[in-house]
Amino acid sequence: MSRPTPLRTIFLTLTLAAGPAACGSVEDDDTGGARPESSSSAFPVSIKHKFGTTEIKTAPQRVVALGNGGTDDIDALYALGVTPVAIAKDSFSSDGVYPWLKHRIDTKKTKLLDTLSGIDYEEIAALQPDLILATSDFTLDKDYEKLSAVAPTVGFATTWGAQTWQEHVQVVGKALGKEEEAEKAIVDTEDGIAEVKADHPALDAKTYTLSMGNTPAKIFTIASEDDFAAKLMSELGMSLAPTVTDIKTVSGSPTGELSFEQLDKLDADLVIIAFTTPDLKKAFESSALVKNMSAVTNGNYLVTDAETVSQLRSPSVLGIPWALDNLEPGFTKLDK
Amino acid sequence: MTIRSLAVVGALFLLIAAALLSLAVGSRSLPVSVVVDALLHDDGSTASSVIWDVRVPRTLAGIAAGSALGVAGALIQALTRNPLADPGLLGINAGAATGVVLSLTVLGITSLWASVWFAMAGAVLAGLLAYTLASGGRGGATPERLALGGAVVAAVFTGVGQTLMLLDAQALDQLRFWSVGSLTRADGETLTTVTPFIGVGLLLALALVRPLNAMALGDDSARALGARLHRTRFLGLLAATVLCGAATSAVGPLVFVGLAVPHMARTIVGADQRWTLPLSMLLAPALLLFADVLGRIAVRPDELDAGVVTAVVGAPLFIALVRRRRVVAA
């Protein structure tokens, strides 16, 4: 079932027009007729999370989505057709816009906040939000008290980064009274994943490694099927190469690191890697251990960008199709 | 043979042993026969790639950076007459780090080779600033003023560097790793760039041993003995700056080696720079390489950076040294 467009438009208008006076009193305006039953009867909703239970009395109009370690809330908002008043900016892109949201984020309507070195509470308070989504905020332990003083704040359920992307969308859907739309957004993305699998039956039972070169003489690699990236790849039928799952990782971390003496462990049916600088790529590719990999000699070696790896590792509802699209050249090679 | 010359010969053998160990041991197990074979024939095999692309540059980096840091530490301790002095005290490390941050954030340069030059420039600038601050006013660059001037420079550079770093996520990511010293960072190109600087710095330091000995008696006695205080201080600081700048730019900040090794050297041969400097020059790289080898096998198949190992292993060693023996003043 698809959400009728008028509501989305109304939401946009309200978000734009909502000043301090509009807060909390918009429900009884002209929205009543257009709003489906599920939304109007939804409020008040209460959402339980690690820091308590957040009560949301009326449909939020001015939403701020924070998070310096994930884009779940931001993606969910756009997937549900909500224009936030402010979001945490993408600190790895020059314009602060997440590449998969390029056509959705309107910086005239949505302020991009720099949250990397800490949250500016006054800046957020000045935006007069009526809901703060902070389930991706890595430092919420210390931020929550101040954020919740500004507006009702939703945090992660237990620990940071533990919820699946589907759960994140459901939480945001509940907070906005758009649970049906949330389910639809989830199904859309799940269908997208299934479509990739259907397009590339050759991926089934193939092995891969997914790594990141961001420091000289070391490669960080996914070393456990528990990582979200590995779970996503397993939905395509692929599994991590056994050579990397053997790597000792630091106290339960799903990533391990390999020195340049061990690079041949990265060999698999498909080798995916991203580098943060050209020098790091050059150093990696000039190693004989890399040159002799079967994946490299067969051409099943895909260099992607750091943002794709980061999206795969903390997948979010709109980012997933974008990230899988970036891996498409690698999948195509395995088809042959 | 005197005890002193025995100590120097012993240190030389220790360094050779450390270098051989560094070539033979790594996170990948290779039999000694394979290592020897790969050393003799660089045939593009996996083993020869491990030896020539990883272990040889790493060992050379350890020797170059270790000797530079050991001698720089001894020089700075002598110049400031402060047994706790190290390259960090004069702001040289902070200068090098800020140089790298600037090249990454403001200029957007990610090339390792270019960042070496920025680190060098930052180190030299910090050293010169510390000296200029110290030599203003009456009395010139006394040891106390040098230490204070250096502390100011270190604080300012650290502040600037960290501010720039926090404003730029990409740079923060790069610097996160740079701030842990590691021998694996230096590739062949970097080594070729820094080695001449280290060579010149070592020669300059060795040329200063006599006036440095005179200065250890106090400024007045040194003057009476004919030592030219200002010239010696300036040249000594210049040598220390070049050495630290070159070493830091190649392997990152490895502060502990420069602090502890001169103490060890003085405990063995006494406070005579003619012996302390050469002994530091040999002991420091040996210590650094042993630490690095330890880091390769401690968490196999992962590795610990030399900067971590020297701090973890070196600190108790240093405490034992200070507690057991009378610390010989610089």
# chains A, B, ... in the order shown; residues from 1 in each chain; ligands from 1
>>> residues_around(residues="Ala114 in chain B", least_positions_apart="4", cutoff="10 Å", atoms="only C-alpha atoms", output="PyMOL selection string")
chain B and resi 100+103-104+109-110+118-119+190+249
>>> residues_around(residues="Gly319 in chain A", least_positions_apart="5", cutoff="8 Å", atoms="only C-alpha atoms", output="JSON, numbers by chain")
{"A": [75, 100, 101, 311]}
>>> interface_residues(of="chain B", to="chain A", cutoff="6 Å", atoms="only C-alpha atoms", output="mmCIF file with C-alpha atoms, in the first residue's frame")
data_model
loop_
_atom_site.group_PDB
_atom_site.id
_atom_site.type_symbol
_atom_site.label_atom_id
_atom_site.label_comp_id
_atom_site.auth_asym_id
_atom_site.auth_seq_id
_atom_site.Cartn_x
_atom_site.Cartn_y
_atom_site.Cartn_z
ATOM 1 C CA ARG B 28 53.973 -14.642 8.965
ATOM 2 C CA THR B 46 55.624 -14.523 -1.621
ATOM 3 C CA SER B 49 57.931 -10.003 -1.093
ATOM 4 C CA VAL B 50 57.495 -10.393 2.656
ATOM 5 C CA SER B 111 50.987 11.501 -0.137
ATOM 6 C CA ALA B 169 37.103 13.978 9.794
ATOM 7 C CA THR B 184 55.872 -0.153 9.169
ATOM 8 C CA ARG B 185 54.918 3.259 7.903
ATOM 9 C CA ASP B 302 47.930 -9.300 14.260
#
>>> atom_distance(atom1="CA of Leu128 in chain B", atom2="CA of Gly245 in chain B")
12.2 Å
>>> closest_residue(among="B:Leu304, B:Ile297, B:Leu175, B:Leu40", to="Val25 in chain B", atoms="only C-alpha atoms")
B:Ile297
>>> atom_distance(atom1="CA of Leu89 in chain B", atom2="CA of Ala134 in chain B")
13.2 Å
>>> decode(residues="range 218-232 of chain B", atoms="all heavy atoms", output="PDB file, in the first residue's frame")
ATOM      1  N   GLY B 218      78.717  23.397  33.905  1.00  0.00           N
ATOM      2  CA  GLY B 218      78.101  24.688  34.219  1.00  0.00           C
ATOM      3  C   GLY B 218      78.588  25.728  33.225  1.00  0.00           C
ATOM      4  O   GLY B 218      79.679  25.602  32.650  1.00  0.00           O
ATOM      5  N   ASP B 219      77.773  26.750  33.020  1.00  0.00           N
ATOM      6  CA  ASP B 219      78.082  27.744  31.994  1.00  0.00           C
ATOM      7  C   ASP B 219      79.418  28.449  32.248  1.00  0.00           C
ATOM      8  O   ASP B 219      80.198  28.672  31.329  1.00  0.00           O
ATOM      9  CB  ASP B 219      76.951  28.784  31.918  1.00  0.00           C
ATOM     10  CG  ASP B 219      75.726  28.202  31.229  1.00  0.00           C
ATOM     11  OD1 ASP B 219      75.774  26.999  30.890  1.00  0.00           O
ATOM     12  OD2 ASP B 219      74.741  28.930  31.045  1.00  0.00           O
ATOM     13  N   ASP B 220      79.680  28.816  33.505  1.00  0.00           N
ATOM     14  CA  ASP B 220      80.886  29.586  33.790  1.00  0.00           C
ATOM     15  C   ASP B 220      82.146  28.763  33.534  1.00  0.00           C
ATOM     16  O   ASP B 220      83.068  29.218  32.865  1.00  0.00           O
ATOM     17  CB  ASP B 220      80.863  30.090  35.239  1.00  0.00           C
ATOM     18  CG  ASP B 220      79.761  31.124  35.427  1.00  0.00           C
ATOM     19  OD1 ASP B 220      79.351  31.723  34.398  1.00  0.00           O
ATOM     20  OD2 ASP B 220      79.297  31.303  36.563  1.00  0.00           O
ATOM     21  N   SER B 221      82.146  27.540  34.061  1.00  0.00           N
ATOM     22  CA  SER B 221      83.314  26.680  33.851  1.00  0.00           C
ATOM     23  C   SER B 221      83.501  26.400  32.368  1.00  0.00           C
ATOM     24  O   SER B 221      84.634  26.370  31.872  1.00  0.00           O
ATOM     25  CB  SER B 221      83.146  25.357  34.594  1.00  0.00           C
ATOM     26  OG  SER B 221      82.678  25.590  35.889  1.00  0.00           O
ATOM     27  N   ALA B 222      82.386  26.183  31.663  1.00  0.00           N
ATOM     28  CA  ALA B 222      82.472  25.886  30.239  1.00  0.00           C
ATOM     29  C   ALA B 222      83.113  27.046  29.496  1.00  0.00           C
ATOM     30  O   ALA B 222      83.989  26.857  28.644  1.00  0.00           O
ATOM     31  CB  ALA B 222      81.084  25.609  29.682  1.00  0.00           C
ATOM     32  N   ARG B 223      82.683  28.263  29.866  1.00  0.00           N
ATOM     33  CA  ARG B 223      83.245  29.458  29.233  1.00  0.00           C
ATOM     34  C   ARG B 223      84.742  29.514  29.521  1.00  0.00           C
ATOM     35  O   ARG B 223      85.545  29.797  28.638  1.00  0.00           O
ATOM     36  CB  ARG B 223      82.534  30.704  29.761  1.00  0.00           C
ATOM     37  CG  ARG B 223      82.134  31.662  28.653  1.00  0.00           C
ATOM     38  CD  ARG B 223      81.289  32.800  29.194  1.00  0.00           C
ATOM     39  NE  ARG B 223      79.866  32.580  28.998  1.00  0.00           N
ATOM     40  CZ  ARG B 223      78.962  32.650  29.975  1.00  0.00           C
ATOM     41  NH1 ARG B 223      79.346  32.910  31.222  1.00  0.00           N
ATOM     42  NH2 ARG B 223      77.702  32.453  29.713  1.00  0.00           N
ATOM     43  N   ALA B 224      85.115  29.229  30.784  1.00  0.00           N
ATOM     44  CA  ALA B 224      86.518  29.262  31.168  1.00  0.00           C
ATOM     45  C   ALA B 224      87.320  28.232  30.383  1.00  0.00           C
ATOM     46  O   ALA B 224      88.493  28.440  30.087  1.00  0.00           O
ATOM     47  CB  ALA B 224      86.652  29.003  32.675  1.00  0.00           C
ATOM     48  N   LEU B 225      86.688  27.133  30.026  1.00  0.00           N
ATOM     49  CA  LEU B 225      87.379  26.092  29.263  1.00  0.00           C
ATOM     50  C   LEU B 225      87.406  26.406  27.768  1.00  0.00           C
ATOM     51  O   LEU B 225      87.913  25.614  26.981  1.00  0.00           O
ATOM     52  CB  LEU B 225      86.691  24.740  29.484  1.00  0.00           C
ATOM     53  CG  LEU B 225      86.946  24.092  30.838  1.00  0.00           C
ATOM     54  CD1 LEU B 225      86.034  22.894  31.036  1.00  0.00           C
ATOM     55  CD2 LEU B 225      88.402  23.672  30.991  1.00  0.00           C
ATOM     56  N   GLY B 226      86.819  27.529  27.405  1.00  0.00           N
ATOM     57  CA  GLY B 226      86.887  27.943  26.013  1.00  0.00           C
ATOM     58  C   GLY B 226      85.749  27.455  25.148  1.00  0.00           C
ATOM     59  O   GLY B 226      85.785  27.583  23.932  1.00  0.00           O
ATOM     60  N   ALA B 227      84.685  26.861  25.749  1.00  0.00           N
ATOM     61  CA  ALA B 227      83.549  26.405  24.949  1.00  0.00           C
ATOM     62  C   ALA B 227      82.719  27.608  24.519  1.00  0.00           C
ATOM     63  O   ALA B 227      82.548  28.554  25.287  1.00  0.00           O
ATOM     64  CB  ALA B 227      82.692  25.442  25.754  1.00  0.00           C
ATOM     65  N   ARG B 228      82.241  27.565  23.298  1.00  0.00           N
ATOM     66  CA  ARG B 228      81.389  28.671  22.827  1.00  0.00           C
ATOM     67  C   ARG B 228      79.936  28.246  23.052  1.00  0.00           C
ATOM     68  O   ARG B 228      79.368  27.499  22.265  1.00  0.00           O
ATOM     69  CB  ARG B 228      81.691  28.973  21.379  1.00  0.00           C
ATOM     70  CG  ARG B 228      83.063  29.641  21.267  1.00  0.00           C
ATOM     71  CD  ARG B 228      83.695  29.374  19.951  1.00  0.00           C
ATOM     72  NE  ARG B 228      83.135  30.213  18.899  1.00  0.00           N
ATOM     73  CZ  ARG B 228      83.602  30.204  17.659  1.00  0.00           C
ATOM     74  NH1 ARG B 228      84.600  29.408  17.327  1.00  0.00           N
ATOM     75  NH2 ARG B 228      83.057  30.978  16.753  1.00  0.00           N
ATOM     76  N   LEU B 229      79.379  28.782  24.156  1.00  0.00           N
ATOM     77  CA  LEU B 229      78.080  28.295  24.635  1.00  0.00           C
ATOM     78  C   LEU B 229      76.971  28.451  23.608  1.00  0.00           C
ATOM     79  O   LEU B 229      76.232  27.511  23.310  1.00  0.00           O
ATOM     80  CB  LEU B 229      77.690  29.044  25.906  1.00  0.00           C
ATOM     81  CG  LEU B 229      78.525  28.700  27.132  1.00  0.00           C
ATOM     82  CD1 LEU B 229      78.053  29.501  28.330  1.00  0.00           C
ATOM     83  CD2 LEU B 229      78.435  27.211  27.417  1.00  0.00           C
ATOM     84  N   HIS B 230      76.820  29.674  23.081  1.00  0.00           N
ATOM     85  CA  HIS B 230      75.686  29.923  22.179  1.00  0.00           C
ATOM     86  C   HIS B 230      75.780  29.076  20.931  1.00  0.00           C
ATOM     87  O   HIS B 230      74.796  28.498  20.486  1.00  0.00           O
ATOM     88  CB  HIS B 230      75.629  31.410  21.823  1.00  0.00           C
ATOM     89  CG  HIS B 230      75.277  32.260  22.998  1.00  0.00           C
ATOM     90  ND1 HIS B 230      74.128  32.056  23.717  1.00  0.00           N
ATOM     91  CD2 HIS B 230      75.946  33.258  23.597  1.00  0.00           C
ATOM     92  CE1 HIS B 230      74.085  32.921  24.715  1.00  0.00           C
ATOM     93  NE2 HIS B 230      75.191  33.653  24.674  1.00  0.00           N
ATOM     94  N   ARG B 231      77.005  29.033  20.391  1.00  0.00           N
ATOM     95  CA  ARG B 231      77.167  28.263  19.174  1.00  0.00           C
ATOM     96  C   ARG B 231      76.845  26.786  19.424  1.00  0.00           C
ATOM     97  O   ARG B 231      76.141  26.143  18.651  1.00  0.00           O
ATOM     98  CB  ARG B 231      78.598  28.410  18.649  1.00  0.00           C
ATOM     99  CG  ARG B 231      78.710  28.009  17.191  1.00  0.00           C
ATOM    100  CD  ARG B 231      80.115  28.071  16.711  1.00  0.00           C
ATOM    101  NE  ARG B 231      80.911  27.017  17.337  1.00  0.00           N
ATOM    102  CZ  ARG B 231      82.014  26.504  16.801  1.00  0.00           C
ATOM    103  NH1 ARG B 231      82.462  26.988  15.663  1.00  0.00           N
ATOM    104  NH2 ARG B 231      82.688  25.555  17.409  1.00  0.00           N
ATOM    105  N   THR B 232      77.347  26.257  20.540  1.00  0.00           N
ATOM    106  CA  THR B 232      77.108  24.839  20.842  1.00  0.00           C
ATOM    107  C   THR B 232      75.629  24.565  21.036  1.00  0.00           C
ATOM    108  O   THR B 232      75.082  23.584  20.525  1.00  0.00           O
ATOM    109  CB  THR B 232      77.871  24.437  22.113  1.00  0.00           C
ATOM    110  OG1 THR B 232      79.225  24.833  21.957  1.00  0.00           O
ATOM    111  CG2 THR B 232      77.789  22.946  22.349  1.00  0.00           C
TER     112      THR B 232
END
